[in-house]
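Listing of structure-v1.txt; format and content: compact mmCIF, C-alpha atoms.
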```
# COMPACT_ATOMS: atom_id res chain seq x y z
CA MET A 271 85.62 -124.63 23.87
CA GLY A 272 82.12 -123.99 25.22
CA LEU A 273 81.10 -124.02 28.88
CA LEU A 274 79.26 -127.31 28.41
CA GLU A 275 81.62 -129.04 26.00
CA GLY A 276 81.14 -132.79 26.36
CA LYS A 277 78.25 -132.45 28.82
CA ARG A 278 75.17 -134.63 28.47
CA LEU A 279 71.97 -132.98 29.64
CA LEU A 280 68.30 -133.79 30.03
CA VAL A 281 66.03 -130.78 29.51
CA THR A 282 62.36 -130.87 30.49
CA GLY A 283 59.72 -128.25 29.78
CA VAL A 284 60.45 -127.31 26.17
CA LEU A 285 57.12 -126.57 24.51
CA THR A 286 57.43 -123.62 22.15
CA SER A 287 60.34 -121.39 21.21
CA ASP A 288 59.26 -118.81 23.81
CA SER A 289 59.65 -121.34 26.63
CA LEU A 290 62.38 -120.64 29.15
CA ALA A 291 63.48 -124.25 28.75
CA TYR A 292 63.92 -123.66 25.00
CA ALA A 293 66.24 -120.73 25.75
CA VAL A 294 68.26 -123.00 28.05
CA ALA A 295 68.40 -125.76 25.45
CA GLU A 296 69.45 -123.38 22.69
CA ARG A 297 72.22 -121.83 24.81
CA ALA A 298 73.37 -125.23 26.10
CA ILE A 299 73.81 -126.57 22.58
CA ALA A 300 75.72 -123.43 21.60
CA GLU A 301 78.04 -124.11 24.55
CA GLY A 302 78.78 -127.68 23.40
CA ALA A 303 76.22 -129.83 25.24
CA THR A 304 74.42 -132.87 23.87
CA LEU A 305 70.76 -132.91 24.84
CA LEU A 306 67.77 -135.10 25.28
CA LEU A 307 64.39 -133.39 25.69
CA THR A 308 61.20 -134.63 27.29
CA GLY A 309 57.53 -134.14 26.53
CA PHE A 310 54.32 -136.04 27.13
CA GLY A 311 50.80 -136.46 25.87
CA ARG A 312 49.48 -133.94 23.41
CA GLY A 313 52.22 -131.50 24.34
CA ARG A 314 54.90 -133.84 23.02
CA SER A 315 54.16 -132.82 19.43
CA LEU A 316 54.95 -129.20 20.39
CA THR A 317 58.22 -130.31 21.95
CA GLU A 318 59.14 -132.30 18.85
CA ARG A 319 58.34 -129.30 16.65
CA SER A 320 60.57 -127.10 18.80
CA ALA A 321 63.31 -129.74 18.77
CA ARG A 322 63.43 -129.49 14.98
CA ARG A 323 64.38 -125.82 15.36
CA LEU A 324 67.35 -126.64 17.57
CA PRO A 325 70.78 -127.58 16.18
CA GLY A 326 71.10 -131.34 15.94
CA GLU A 327 67.36 -131.82 16.53
CA PRO A 328 67.54 -133.44 20.00
CA GLU A 329 65.53 -136.59 20.58
CA VAL A 330 62.34 -136.19 22.65
CA LEU A 331 61.55 -138.80 25.30
CA GLU A 332 58.07 -139.41 26.68
CA LEU A 333 57.98 -138.35 30.33
CA ASP A 334 55.00 -137.65 32.55
CA VAL A 335 56.48 -136.94 35.98
CA THR A 336 53.35 -138.29 37.70
CA ASP A 337 53.70 -141.69 35.99
CA ALA A 338 56.26 -143.94 37.69
CA GLU A 339 56.51 -146.26 34.69
CA GLN A 340 57.30 -143.38 32.33
CA VAL A 341 59.90 -142.01 34.74
CA ALA A 342 61.59 -145.42 34.91
CA ALA A 343 61.47 -145.78 31.12
CA ALA A 344 63.03 -142.32 30.68
CA VAL A 345 65.85 -143.19 33.08
CA SER A 346 66.51 -146.37 31.12
CA ALA A 347 66.48 -144.49 27.80
CA VAL A 348 68.88 -141.81 29.05
CA GLY A 349 71.17 -144.50 30.43
CA GLU A 350 71.22 -146.33 27.09
CA ARG A 351 71.97 -143.19 25.09
CA PHE A 352 74.28 -141.33 27.47
CA GLY A 353 75.60 -143.75 30.07
CA ARG A 354 75.75 -140.87 32.52
CA LEU A 355 73.97 -137.56 33.08
CA ASP A 356 75.92 -134.36 33.69
CA GLY A 357 72.94 -132.11 34.18
CA LEU A 358 69.18 -131.93 34.46
CA LEU A 359 66.88 -128.95 33.91
CA HIS A 360 63.59 -129.07 35.80
CA ALA A 361 61.18 -126.73 34.00
CA ILE A 362 57.89 -128.29 34.99
CA GLY A 363 54.86 -126.61 36.47
CA PHE A 364 51.11 -126.95 36.32
CA ALA A 365 48.12 -125.87 38.42
CA PRO A 366 44.44 -126.53 37.70
CA ALA A 367 42.36 -123.45 36.92
CA ALA A 368 40.85 -123.36 40.42
CA CYS A 369 44.34 -122.77 41.84
CA LEU A 370 44.99 -119.54 39.94
CA GLY A 371 43.30 -116.15 40.10
CA GLN A 372 40.44 -117.11 42.40
CA GLY A 373 42.00 -116.50 45.78
CA ILE A 374 43.65 -119.01 48.06
CA LEU A 375 40.35 -120.33 49.49
CA ALA A 376 38.81 -121.43 46.21
CA ALA A 377 40.72 -124.62 45.39
CA GLY A 378 40.09 -127.97 47.05
CA TRP A 379 42.77 -130.44 48.02
CA PRO A 380 42.66 -132.57 44.83
CA ASP A 381 43.52 -129.52 42.69
CA VAL A 382 46.09 -128.28 45.19
CA ALA A 383 47.67 -131.74 45.39
CA THR A 384 48.03 -131.77 41.60
CA ALA A 385 49.71 -128.37 41.60
CA ILE A 386 52.18 -129.36 44.30
CA GLU A 387 52.94 -132.80 42.86
CA VAL A 388 53.62 -131.52 39.35
CA SER A 389 55.27 -128.21 40.23
CA ALA A 390 57.32 -129.14 43.31
CA TYR A 391 57.42 -132.84 44.18
CA SER A 392 58.46 -133.63 40.60
CA LEU A 393 61.89 -132.12 41.35
CA LYS A 394 62.40 -134.90 43.91
CA THR A 395 60.95 -137.44 41.48
CA LEU A 396 63.46 -136.57 38.76
CA ALA A 397 66.46 -135.99 41.01
CA GLY A 398 65.90 -139.29 42.80
CA ALA A 399 65.19 -141.32 39.68
CA PHE A 400 68.17 -139.98 37.73
CA LEU A 401 70.59 -139.98 40.67
CA PRO A 402 72.40 -143.17 39.59
CA LEU A 403 73.18 -141.52 36.22
CA LEU A 404 74.09 -138.18 37.84
CA GLU A 405 76.51 -140.02 40.14
CA GLN A 406 78.34 -141.33 37.07
CA ALA A 407 79.36 -137.77 36.14
CA ASP A 408 82.46 -136.12 37.58
CA SER A 409 80.30 -133.22 38.75
CA ALA A 410 76.57 -133.08 38.12
CA SER A 411 74.07 -130.25 38.37
CA VAL A 412 70.30 -130.10 38.77
CA VAL A 413 68.77 -126.72 37.95
CA GLY A 414 65.11 -125.82 38.44
CA LEU A 415 63.16 -122.85 37.16
CA ASP A 416 61.47 -120.84 39.88
CA PHE A 417 59.40 -117.72 40.48
CA ASP A 418 60.29 -115.94 43.72
CA ALA A 419 57.99 -117.29 46.44
CA THR A 420 58.98 -114.99 49.31
CA VAL A 421 55.87 -112.84 48.87
CA ALA A 422 52.23 -113.30 47.85
CA TRP A 423 51.67 -112.34 44.21
CA PRO A 424 48.41 -111.24 42.57
CA ALA A 425 46.53 -114.20 41.08
CA TYR A 426 49.41 -116.67 41.60
CA ASP A 427 47.69 -118.29 44.57
CA TRP A 428 48.45 -122.01 44.93
CA MET A 429 51.18 -121.91 42.31
CA GLY A 430 52.96 -119.51 44.64
CA VAL A 431 52.60 -122.06 47.44
CA ALA A 432 53.94 -124.77 45.12
CA LYS A 433 56.93 -122.59 44.26
CA ALA A 434 57.60 -122.08 47.98
CA ALA A 435 57.59 -125.86 48.35
CA LEU A 436 59.96 -126.13 45.38
CA GLU A 437 62.39 -123.69 47.00
CA SER A 438 62.40 -125.57 50.29
CA LEU A 439 62.68 -128.92 48.53
CA ALA A 440 65.69 -127.73 46.53
CA ARG A 441 67.54 -126.95 49.76
CA TYR A 442 66.85 -130.41 51.18
CA LEU A 443 67.88 -132.07 47.94
CA ALA A 444 71.07 -130.01 47.95
CA ARG A 445 71.76 -131.37 51.43
CA ASP A 446 71.08 -134.99 50.55
CA LEU A 447 72.60 -135.11 47.04
CA GLY A 448 75.73 -133.12 47.88
CA PRO A 449 77.64 -136.16 49.17
CA SER A 450 77.03 -137.76 45.75
CA GLY A 451 78.61 -134.78 44.01
CA VAL A 452 75.29 -133.42 42.73
CA ARG A 453 74.49 -129.71 43.02
CA VAL A 454 70.88 -128.49 43.19
CA ASN A 455 70.05 -124.84 42.46
CA LEU A 456 67.09 -122.77 41.29
CA VAL A 457 66.86 -119.81 38.94
CA ALA A 458 64.11 -117.36 39.87
CA ALA A 459 63.22 -115.64 36.61
CA GLY A 460 61.23 -112.49 36.10
CA PRO A 461 57.89 -112.79 34.27
CA LEU A 462 58.12 -113.69 30.61
CA ARG A 463 55.43 -114.14 27.98
CA SER A 464 55.41 -117.88 27.59
CA VAL A 465 52.87 -120.67 27.39
CA ALA A 466 52.97 -120.90 31.19
CA ALA A 467 52.33 -117.16 31.58
CA LYS A 468 49.19 -117.39 29.48
CA SER A 469 47.62 -119.60 32.15
CA ILE A 470 48.00 -116.92 34.84
CA PRO A 471 45.00 -114.57 35.12
CA GLY A 472 46.10 -110.96 35.42
CA PHE A 473 49.60 -111.58 34.07
CA GLU A 474 49.69 -107.95 32.96
CA GLN A 475 50.05 -106.94 36.62
CA PHE A 476 53.42 -108.69 36.74
CA GLU A 477 54.43 -107.15 33.45
CA SER A 478 53.67 -103.58 34.46
CA ALA A 479 55.36 -103.92 37.86
CA TRP A 480 58.61 -105.26 36.42
CA THR A 481 58.69 -102.67 33.65
CA THR A 482 58.68 -99.80 36.13
CA ARG A 483 60.66 -101.23 39.07
CA ALA A 484 63.44 -103.53 37.83
CA PRO A 485 66.72 -101.54 38.20
CA LEU A 486 68.28 -103.21 35.13
CA GLY A 487 65.02 -103.12 33.22
CA TRP A 488 63.03 -106.16 32.17
CA ASP A 489 61.58 -107.18 28.82
CA VAL A 490 58.86 -109.82 29.12
CA ARG A 491 59.43 -110.81 25.51
CA ALA A 492 63.20 -110.66 25.08
CA ASP A 493 64.91 -111.60 28.34
CA THR A 494 64.61 -115.37 28.00
CA ASP A 495 68.25 -115.57 26.89
CA ALA A 496 69.39 -113.98 30.15
CA VAL A 497 67.69 -116.84 31.97
CA GLY A 498 69.16 -119.37 29.56
CA ARG A 499 72.70 -118.08 30.11
CA THR A 500 72.36 -118.27 33.88
CA CYS A 501 71.05 -121.82 33.78
CA VAL A 502 73.90 -122.84 31.50
CA ALA A 503 76.41 -121.31 33.91
CA LEU A 504 74.92 -123.31 36.78
CA LEU A 505 74.92 -126.48 34.68
CA SER A 506 78.60 -125.94 33.88
CA ASP A 507 81.63 -126.54 36.08
CA TYR A 508 81.97 -122.82 36.87
CA PHE A 509 79.96 -123.11 40.10
CA PRO A 510 81.52 -126.25 41.61
CA LYS A 511 80.72 -125.36 45.24
CA THR A 512 77.34 -123.64 44.81
CA THR A 513 74.30 -125.62 45.87
CA GLY A 514 70.98 -124.95 47.57
CA GLU A 515 70.98 -121.49 46.02
CA ILE A 516 68.28 -119.38 44.34
CA VAL A 517 69.76 -117.14 41.66
CA HIS A 518 67.50 -114.27 40.63
CA VAL A 519 67.41 -113.30 36.97
CA ASP A 520 64.77 -110.60 37.14
CA GLY A 521 66.48 -107.32 36.40
CA GLY A 522 66.97 -106.78 40.14
CA PHE A 523 63.24 -106.49 40.89
CA HIS A 524 63.49 -108.73 43.97
CA ALA A 525 65.99 -106.35 45.62
CA VAL A 526 63.92 -103.16 45.64
CA GLY A 527 60.88 -101.97 47.56
CA ALA A 528 57.87 -100.02 46.34
```
Encoding of this model in structure tokens:
Amino acid sequence: MGLLEGKRLLVTGVLTSDSLAYAVAERAIAEGATLLLTGFGRGRSLTERSARRLPGEPEVLELDVTDAEQVAAAVSAVGERFGRLDGLLHAIGFAPAACLGQGILAAGWPDVATAIEVSAYSLKTLAGAFLPLLEQADSASVVGLDFDATVAWPAYDWMGVAKAALESLARYLARDLGPSGVRVNLVAAGPLRSVAAKSIPGFEQFESAWTTRAPLGWDVRADTDAVGRTCVALLSDYFPKTTGEIVHVDGGFHAVGA
């Protein structure tokens, strides 16, 4: 029996097969979970294409986290198909070009607000909207994908600020959703060559740093499965009393100095 046998999960953020969310979805299915995926706009066709590569070809729901009507419709659709929700993967992030690689002073509030709403506030949006379905599970888990926000990174700029907000928000959600039996944790992954990484100017600086400093080593192309396995573990019942935590899957990079 797999770690997620009988679990019903909603997975956001699957675009292409190199997405971290795809690695989570693939591993979750292998461990017995039944999935629904989400996508929106022009990106939905990419999600649907990726879904066809997954066992069982999970259905893809339309979901723009900044659109209240779409969020409500997604909750209704998940309720009709599943009746409850055992787990939710938040793998959503976006920052306008002005927020990345131009220094922290370059972006104006409208661009910054977009980055924070999509990349951080959306965790509250999804957790709050799907809470009635999460409460129907014996033990439910919300897992978000993170990038360590304890330091300032080259070129990451306002996305780094958004990730710091995400980390703080996860702790408050853990506090408020705990009485409902819902755990909230983040997985801080090392840099990986994905669609999201392509939007970060100077990504090669991350790549070279991890290659030389991660004690366990780090492969920006191949270590997606390590992230997927960790997310699956947190979505399972094997961490029943762990919440408000940030689990690093980065080869140990975060633990060492220069």
- Message: I need the residue nearest A:Leu403 from this list: A:Gln340, A:Ser478, A:Thr512, A:Ser346. Use all atoms listed in the file for the distance.
- Response: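 Under the stated criterion, the closest residue is A:Ser346.
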- Rank A:Ala484, A:Leu439, A:Leu280, A:Ala342 by their smallest atom-to-atom distance to A:Gly357, using all atoms listed in the file, and report the top residue only.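 Among the listed residues, A:Leu280 lies closest to A:Gly357.
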Using all atoms listed in the file, I'd like a table of the residues in stretch 364-448 of chain A that come within 12 Å of stretch 516-523 of chain A; for each, show the closest atom pair and its distance in Å rounded to one decimal, ordered by chain and ascending number, as JSON lines.
```
{"residue": "A:Val413", "atom": "CA", "partner": "A:Ile516", "partner_atom": "CA", "distance": 9.7}
{"residue": "A:Gly414", "atom": "CA", "partner": "A:Ile516", "partner_atom": "CA", "distance": 9.3}
{"residue": "A:Leu415", "atom": "CA", "partner": "A:Ile516", "partner_atom": "CA", "distance": 9.5}
{"residue": "A:Asp416", "atom": "CA", "partner": "A:Ile516", "partner_atom": "CA", "distance": 8.3}
{"residue": "A:Phe417", "atom": "CA", "partner": "A:His518", "partner_atom": "CA", "distance": 8.8}
{"residue": "A:Asp418", "atom": "CA", "partner": "A:His518", "partner_atom": "CA", "distance": 8.0}
{"residue": "A:Ala419", "atom": "CA", "partner": "A:Ile516", "partner_atom": "CA", "distance": 10.7}
{"residue": "A:Thr420", "atom": "CA", "partner": "A:Ile516", "partner_atom": "CA", "distance": 11.4}
{"residue": "A:Lys433", "atom": "CA", "partner": "A:Ile516", "partner_atom": "CA", "distance": 11.8}
{"residue": "A:Ala434", "atom": "CA", "partner": "A:Ile516", "partner_atom": "CA", "distance": 11.6}
{"residue": "A:Leu436", "atom": "CA", "partner": "A:Ile516", "partner_atom": "CA", "distance": 10.8}
{"residue": "A:Glu437", "atom": "CA", "partner": "A:Ile516", "partner_atom": "CA", "distance": 7.8}
{"residue": "A:Ser438", "atom": "CA", "partner": "A:Ile516", "partner_atom": "CA", "distance": 10.4}
{"residue": "A:Leu439", "atom": "CA", "partner": "A:Ile516", "partner_atom": "CA", "distance": 11.8}
{"residue": "A:Ala440", "atom": "CA", "partner": "A:Ile516", "partner_atom": "CA", "distance": 9.0}
{"residue": "A:Arg441", "atom": "CA", "partner": "A:Ile516", "partner_atom": "CA", "distance": 9.3}
{"residue": "A:Ala444", "atom": "CA", "partner": "A:Ile516", "partner_atom": "CA", "distance": 11.6}
```
With C-alpha atoms retained, write the just-selected residues as a PDB file, keeping the file's coordinate frame.
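selection.pdb was written with the following content:
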```pdb
ATOM      1  CA  VAL A 413      68.770-126.720  37.950  1.00  0.00           C
ATOM      2  CA  GLY A 414      65.110-125.820  38.440  1.00  0.00           C
ATOM      3  CA  LEU A 415      63.160-122.850  37.160  1.00  0.00           C
ATOM      4  CA  ASP A 416      61.470-120.840  39.880  1.00  0.00           C
ATOM      5  CA  PHE A 417      59.400-117.720  40.480  1.00  0.00           C
ATOM      6  CA  ASP A 418      60.290-115.940  43.720  1.00  0.00           C
ATOM      7  CA  ALA A 419      57.990-117.290  46.440  1.00  0.00           C
ATOM      8  CA  THR A 420      58.980-114.990  49.310  1.00  0.00           C
ATOM      9  CA  LYS A 433      56.930-122.590  44.260  1.00  0.00           C
ATOM     10  CA  ALA A 434      57.600-122.080  47.980  1.00  0.00           C
ATOM     11  CA  LEU A 436      59.960-126.130  45.380  1.00  0.00           C
ATOM     12  CA  GLU A 437      62.390-123.690  47.000  1.00  0.00           C
ATOM     13  CA  SER A 438      62.400-125.570  50.290  1.00  0.00           C
ATOM     14  CA  LEU A 439      62.680-128.920  48.530  1.00  0.00           C
ATOM     15  CA  ALA A 440      65.690-127.730  46.530  1.00  0.00           C
ATOM     16  CA  ARG A 441      67.540-126.950  49.760  1.00  0.00           C
ATOM     17  CA  ALA A 444      71.070-130.010  47.950  1.00  0.00           C
TER      18      ALA A 444
END
```
- Query: Can you tell me, as a ChimeraX atom specification, what residues are no more than 12 Å from A:Val341 when counting only C-alpha atoms, ignoring any on the same chain fewer than 4 positions away?
  - Reply: /A:308-310,331-337,345-348,392,394-400
Edge lengths and centre in Å to one decimal, as lines of an AutoDock Vina configuration file, is what I'm after for the box along x, y and z that holds all listed atoms of stretch 271-276 of chain A once 6 Å is added on each side.
```
center_x = 82.4
center_y = -128.4
center_z = 26.4
size_x = 18.4
size_y = 20.8
size_z = 17.0
```
- Could you check how far atom CA of A:Val457 sits from atom CA of A:Leu285, in Å to one decimal?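 Between these atoms lies a distance of 18.7 Å.
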- Message: Counting all atoms listed in the file, which residues sit no farther than 6 Å from the position (69.5, -130.1, 41.7) in the file's frame? I'd like them as number ranges by chain.
- Response: A: 411-413, 453-455
- Message: Considering only C-alpha atoms, can you say which of A:Ala367, A:Ala422, A:His524, A:Ile299 comes closest to A:Val382?
- Response: A:Ala367
- Write out as a count of residues only the residues lying within 12 Å of A:Ala492, counting all atoms listed in the file and excluding same-chain residues fewer than 2 positions away. 19
Save stretch 511-525 of chain A from what I just supplied, as a PDB file, in the first residue's frame, atoms limited to C-alpha atoms.
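Saved as result-v9.pdb:
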```
ATOM      1  CA  LYS A 511       1.905  16.498  14.318  1.00  0.00           C
ATOM      2  CA  THR A 512       4.123  18.602  12.036  1.00  0.00           C
ATOM      3  CA  THR A 513       2.776  21.986  11.029  1.00  0.00           C
ATOM      4  CA  GLY A 514       4.129  25.486  10.463  1.00  0.00           C
ATOM      5  CA  GLU A 515       7.402  23.935   9.318  1.00  0.00           C
ATOM      6  CA  ILE A 516       9.781  24.695   6.438  1.00  0.00           C
ATOM      7  CA  VAL A 517      11.507  21.547   5.219  1.00  0.00           C
ATOM      8  CA  HIS A 518      14.616  22.200   3.138  1.00  0.00           C
ATOM      9  CA  VAL A 519      15.278  19.949   0.165  1.00  0.00           C
ATOM     10  CA  ASP A 520      18.379  21.643  -1.175  1.00  0.00           C
ATOM     11  CA  GLY A 521      21.254  19.251  -0.662  1.00  0.00           C
ATOM     12  CA  GLY A 522      22.023  20.951   2.656  1.00  0.00           C
ATOM     13  CA  PHE A 523      22.995  24.277   1.075  1.00  0.00           C
ATOM     14  CA  HIS A 524      21.015  26.301   3.635  1.00  0.00           C
ATOM     15  CA  ALA A 525      23.068  24.856   6.512  1.00  0.00           C
TER      16      ALA A 525
END
```
